[in-house]
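Before any comments, here is the structure.
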Amino acid sequence: MEVRIGVTHTAKELTFETDADPESIVSKLEDAIAKGAPLVWLEDGKGRRVGIPADKVGYVELVVDDGTRKVGFGR
């Protein structure tokens with residue numbers, strides 16, 4: 001699954017691949033924002049940890065790969 005997180009006052013979005021369940025990502029972000037935590041720590045597919053300032057999260061996009069993506073000029 002690909003995770004894209006927009007951070008306010010930053011031109012680029014954070015993008016990383018993870019094997020985590022989409023619901024676990026959503027619950028971690030919601031809990032951290034609700035509790036006023038300074039950072040949300042998420043782990044990518046290679047075991048690296050990414051820290052995101054919880055109060056600066058602008059948007060979150062979860063792209064779950066269901067195997068229907070086409071490569072090249074396929075339709």
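Chain labels follow the order of the structure tokens: the first chain is A, the next B, and so on; residue numbering restarts at 1 in every chain, and ligands are counted from 1 in their shown order.
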
- Task: Fewer than 5 positions away in the same chain doesn't count, so skip those; otherwise give me all residues within 7 Å of A:Ala32, counting only C-alpha atoms, as a ChimeraX atom specification.
- Result: /A:37,40,54

Could those selected residues go to a file with N, CA, C and O atoms, as a tab-separated table (two decimals), in the first residue's frame?
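Output file again-v6.tsv follows:
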```
chain	number	residue	atom	x	y	z
A	37	ALA	N	-0.54	14.62	20.25
A	37	ALA	CA	0.85	14.13	20.25
A	37	ALA	C	1.70	14.99	19.31
A	37	ALA	O	1.22	15.46	18.29
A	40	VAL	N	3.67	11.60	14.91
A	40	VAL	CA	3.10	10.30	14.61
A	40	VAL	C	4.20	9.50	13.94
A	40	VAL	O	4.80	9.96	12.97
A	54	ALA	N	2.02	15.72	14.07
A	54	ALA	CA	0.59	15.43	14.09
A	54	ALA	C	-0.27	16.67	13.85
A	54	ALA	O	-1.30	16.59	13.19
```

- Give me every alpha helix (DSSP H) residue in chain A, going by DSSP on the backbone, as a ChimeraX atom specification. /A:22-35

Let me see the file: selected residues, N, CA and C atoms, as a PDB file, in the first residue's frame.
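Everything below was put into part17.pdb:
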```pdb
ATOM      1  N   PRO A  22      -4.441  -0.684   6.267  1.00  0.00           N
ATOM      2  CA  PRO A  22      -4.900   0.701   6.152  1.00  0.00           C
ATOM      3  C   PRO A  22      -5.596   1.212   7.408  1.00  0.00           C
ATOM      4  N   GLU A  23      -6.365   0.360   8.061  1.00  0.00           N
ATOM      5  CA  GLU A  23      -7.068   0.785   9.277  1.00  0.00           C
ATOM      6  C   GLU A  23      -6.104   1.105  10.414  1.00  0.00           C
ATOM      7  N   SER A  24      -4.970   0.403  10.488  1.00  0.00           N
ATOM      8  CA  SER A  24      -3.996   0.703  11.542  1.00  0.00           C
ATOM      9  C   SER A  24      -3.347   2.066  11.306  1.00  0.00           C
ATOM     10  N   ILE A  25      -3.090   2.407  10.048  1.00  0.00           N
ATOM     11  CA  ILE A  25      -2.531   3.731   9.727  1.00  0.00           C
ATOM     12  C   ILE A  25      -3.524   4.814  10.122  1.00  0.00           C
ATOM     13  N   VAL A  26      -4.784   4.630   9.740  1.00  0.00           N
ATOM     14  CA  VAL A  26      -5.820   5.615  10.054  1.00  0.00           C
ATOM     15  C   VAL A  26      -5.975   5.778  11.556  1.00  0.00           C
ATOM     16  N   SER A  27      -6.013   4.678  12.289  1.00  0.00           N
ATOM     17  CA  SER A  27      -6.210   4.772  13.738  1.00  0.00           C
ATOM     18  C   SER A  27      -5.018   5.427  14.432  1.00  0.00           C
ATOM     19  N   LYS A  28      -3.793   5.140  13.986  1.00  0.00           N
ATOM     20  CA  LYS A  28      -2.616   5.794  14.574  1.00  0.00           C
ATOM     21  C   LYS A  28      -2.668   7.301  14.370  1.00  0.00           C
ATOM     22  N   LEU A  29      -3.013   7.720  13.144  1.00  0.00           N
ATOM     23  CA  LEU A  29      -3.096   9.154  12.863  1.00  0.00           C
ATOM     24  C   LEU A  29      -4.213   9.822  13.645  1.00  0.00           C
ATOM     25  N   GLU A  30      -5.395   9.209  13.671  1.00  0.00           N
ATOM     26  CA  GLU A  30      -6.519   9.791  14.402  1.00  0.00           C
ATOM     27  C   GLU A  30      -6.230   9.897  15.895  1.00  0.00           C
ATOM     28  N   ASP A  31      -5.638   8.857  16.481  1.00  0.00           N
ATOM     29  CA  ASP A  31      -5.315   8.874  17.908  1.00  0.00           C
ATOM     30  C   ASP A  31      -4.296   9.964  18.236  1.00  0.00           C
ATOM     31  N   ALA A  32      -3.252  10.067  17.424  1.00  0.00           N
ATOM     32  CA  ALA A  32      -2.213  11.068  17.681  1.00  0.00           C
ATOM     33  C   ALA A  32      -2.764  12.481  17.559  1.00  0.00           C
ATOM     34  N   ILE A  33      -3.607  12.724  16.564  1.00  0.00           N
ATOM     35  CA  ILE A  33      -4.176  14.063  16.388  1.00  0.00           C
ATOM     36  C   ILE A  33      -5.132  14.376  17.526  1.00  0.00           C
ATOM     37  N   ALA A  34      -5.966  13.409  17.920  1.00  0.00           N
ATOM     38  CA  ALA A  34      -6.932  13.638  19.001  1.00  0.00           C
ATOM     39  C   ALA A  34      -6.253  13.883  20.344  1.00  0.00           C
ATOM     40  N   LYS A  35      -5.128  13.197  20.590  1.00  0.00           N
ATOM     41  CA  LYS A  35      -4.428  13.334  21.871  1.00  0.00           C
ATOM     42  C   LYS A  35      -3.438  14.490  21.882  1.00  0.00           C
TER      43      LYS A  35
END
```

- Message: To one decimal place in Å, what is the distance between atom CA of A:Asp65 and atom CA of A:Glu17?
- Response: 10.6 Å

- One decimal, Å: what's the distance from atom CA of A:Gly36 over to atom CA of A:Asp19, could you say? 26.1 Å

- Please report, as number ranges by chain, each residue of chain A to which DSSP assigns strand (DSSP E) when run on this structure's backbone. A: 2-7, 13-17, 39-43, 49-53, 57-63

- Message: Residues within 10 Å of stretch 44-50 of chain A, please, as JSON, numbers by chain. Count only C-alpha atoms; anything in the same chain fewer than 4 positions from it doesn't count.
- Response: {"A": [1, 2, 3, 14, 15, 16, 17, 18, 19, 20, 39, 40]}

Could you write out that same residue set with all heavy atoms as an mmCIF file, in the first residue's frame?
```cif
data_model
loop_
_atom_site.group_PDB
_atom_site.id
_atom_site.type_symbol
_atom_site.label_atom_id
_atom_site.label_comp_id
_atom_site.auth_asym_id
_atom_site.auth_seq_id
_atom_site.Cartn_x
_atom_site.Cartn_y
_atom_site.Cartn_z
ATOM 1 N N MET A 1 0.843 -1.157 0.000
ATOM 2 C CA MET A 1 0.000 0.000 0.000
ATOM 3 C C MET A 1 0.900 1.235 0.000
ATOM 4 O O MET A 1 1.927 1.260 0.666
ATOM 5 C CB MET A 1 -0.890 -0.027 1.239
ATOM 6 C CG MET A 1 -1.622 1.264 1.469
ATOM 7 S SD MET A 1 -2.691 1.275 2.910
ATOM 8 C CE MET A 1 -1.523 1.122 4.223
ATOM 9 N N GLU A 2 0.486 2.226 -0.740
ATOM 10 C CA GLU A 2 1.212 3.480 -0.789
ATOM 11 C C GLU A 2 0.488 4.495 0.102
ATOM 12 O O GLU A 2 -0.738 4.595 0.069
ATOM 13 C CB GLU A 2 1.273 4.002 -2.220
ATOM 14 C CG GLU A 2 2.041 5.285 -2.365
ATOM 15 C CD GLU A 2 2.127 5.756 -3.804
ATOM 16 O OE1 GLU A 2 1.492 5.153 -4.677
ATOM 17 O OE2 GLU A 2 2.816 6.743 -4.040
ATOM 18 N N VAL A 3 1.243 5.219 0.901
ATOM 19 C CA VAL A 3 0.695 6.231 1.798
ATOM 20 C C VAL A 3 1.238 7.584 1.358
ATOM 21 O O VAL A 3 2.442 7.747 1.183
ATOM 22 C CB VAL A 3 1.091 5.956 3.265
ATOM 23 C CG1 VAL A 3 0.537 7.029 4.180
ATOM 24 C CG2 VAL A 3 0.632 4.582 3.700
ATOM 25 N N LEU A 14 4.721 13.620 1.786
ATOM 26 C CA LEU A 14 5.477 12.441 2.198
ATOM 27 C C LEU A 14 4.832 11.226 1.538
ATOM 28 O O LEU A 14 3.629 11.024 1.647
ATOM 29 C CB LEU A 14 5.433 12.278 3.711
ATOM 30 C CG LEU A 14 6.054 13.396 4.532
ATOM 31 C CD1 LEU A 14 5.735 13.193 5.998
ATOM 32 C CD2 LEU A 14 7.530 13.428 4.313
ATOM 33 N N THR A 15 5.629 10.431 0.848
ATOM 34 C CA THR A 15 5.122 9.240 0.167
ATOM 35 C C THR A 15 6.006 8.057 0.527
ATOM 36 O O THR A 15 7.229 8.153 0.434
ATOM 37 C CB THR A 15 5.135 9.441 -1.359
ATOM 38 O OG1 THR A 15 4.384 10.610 -1.677
ATOM 39 C CG2 THR A 15 4.528 8.253 -2.067
ATOM 40 N N PHE A 16 5.379 6.965 0.949
ATOM 41 C CA PHE A 16 6.135 5.754 1.237
ATOM 42 C C PHE A 16 5.243 4.534 1.088
ATOM 43 O O PHE A 16 4.026 4.625 1.127
ATOM 44 C CB PHE A 16 6.779 5.799 2.628
ATOM 45 C CG PHE A 16 5.811 5.922 3.764
ATOM 46 C CD1 PHE A 16 5.359 4.799 4.434
ATOM 47 C CD2 PHE A 16 5.370 7.164 4.195
ATOM 48 C CE1 PHE A 16 4.473 4.903 5.494
ATOM 49 C CE2 PHE A 16 4.496 7.278 5.251
ATOM 50 C CZ PHE A 16 4.045 6.144 5.900
ATOM 51 N N GLU A 17 5.877 3.393 0.880
ATOM 52 C CA GLU A 17 5.191 2.103 0.755
ATOM 53 C C GLU A 17 5.225 1.405 2.110
ATOM 54 O O GLU A 17 6.220 1.465 2.823
ATOM 55 C CB GLU A 17 5.897 1.217 -0.273
ATOM 56 C CG GLU A 17 5.849 1.731 -1.687
ATOM 57 C CD GLU A 17 4.525 1.450 -2.379
ATOM 58 O OE1 GLU A 17 3.845 0.480 -1.986
ATOM 59 O OE2 GLU A 17 4.181 2.206 -3.289
ATOM 60 N N THR A 18 4.134 0.716 2.442
ATOM 61 C CA THR A 18 4.081 -0.025 3.686
ATOM 62 C C THR A 18 3.226 -1.275 3.509
ATOM 63 O O THR A 18 2.374 -1.320 2.620
ATOM 64 C CB THR A 18 3.527 0.838 4.839
ATOM 65 O OG1 THR A 18 3.600 0.087 6.045
ATOM 66 C CG2 THR A 18 2.112 1.279 4.601
ATOM 67 N N ASP A 19 3.480 -2.257 4.349
ATOM 68 C CA ASP A 19 2.684 -3.476 4.353
ATOM 69 C C ASP A 19 1.627 -3.444 5.451
ATOM 70 O O ASP A 19 0.899 -4.420 5.640
ATOM 71 C CB ASP A 19 3.592 -4.691 4.565
ATOM 72 C CG ASP A 19 4.582 -4.860 3.431
ATOM 73 O OD1 ASP A 19 4.251 -4.499 2.290
ATOM 74 O OD2 ASP A 19 5.705 -5.341 3.683
ATOM 75 N N ALA A 20 1.545 -2.334 6.165
ATOM 76 C CA ALA A 20 0.605 -2.217 7.284
ATOM 77 C C ALA A 20 -0.837 -2.176 6.770
ATOM 78 O O ALA A 20 -1.112 -1.800 5.637
ATOM 79 C CB ALA A 20 0.902 -0.955 8.083
ATOM 80 N N LEU A 39 4.361 14.021 17.494
ATOM 81 C CA LEU A 39 4.714 13.284 16.275
ATOM 82 C C LEU A 39 3.903 12.009 16.161
ATOM 83 O O LEU A 39 3.529 11.406 17.170
ATOM 84 C CB LEU A 39 6.193 12.902 16.279
ATOM 85 C CG LEU A 39 7.220 13.992 16.093
ATOM 86 C CD1 LEU A 39 8.623 13.422 16.262
ATOM 87 C CD2 LEU A 39 7.098 14.631 14.724
ATOM 88 N N VAL A 40 3.671 11.604 14.909
ATOM 89 C CA VAL A 40 3.099 10.298 14.609
ATOM 90 C C VAL A 40 4.201 9.503 13.941
ATOM 91 O O VAL A 40 4.799 9.962 12.970
ATOM 92 C CB VAL A 40 1.913 10.396 13.637
ATOM 93 C CG1 VAL A 40 1.330 9.023 13.363
ATOM 94 C CG2 VAL A 40 0.867 11.337 14.146
#
```

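If you look at atom CA of A:Val57 and atom CA of A:Val7, they are 4.8 Å away from each other.
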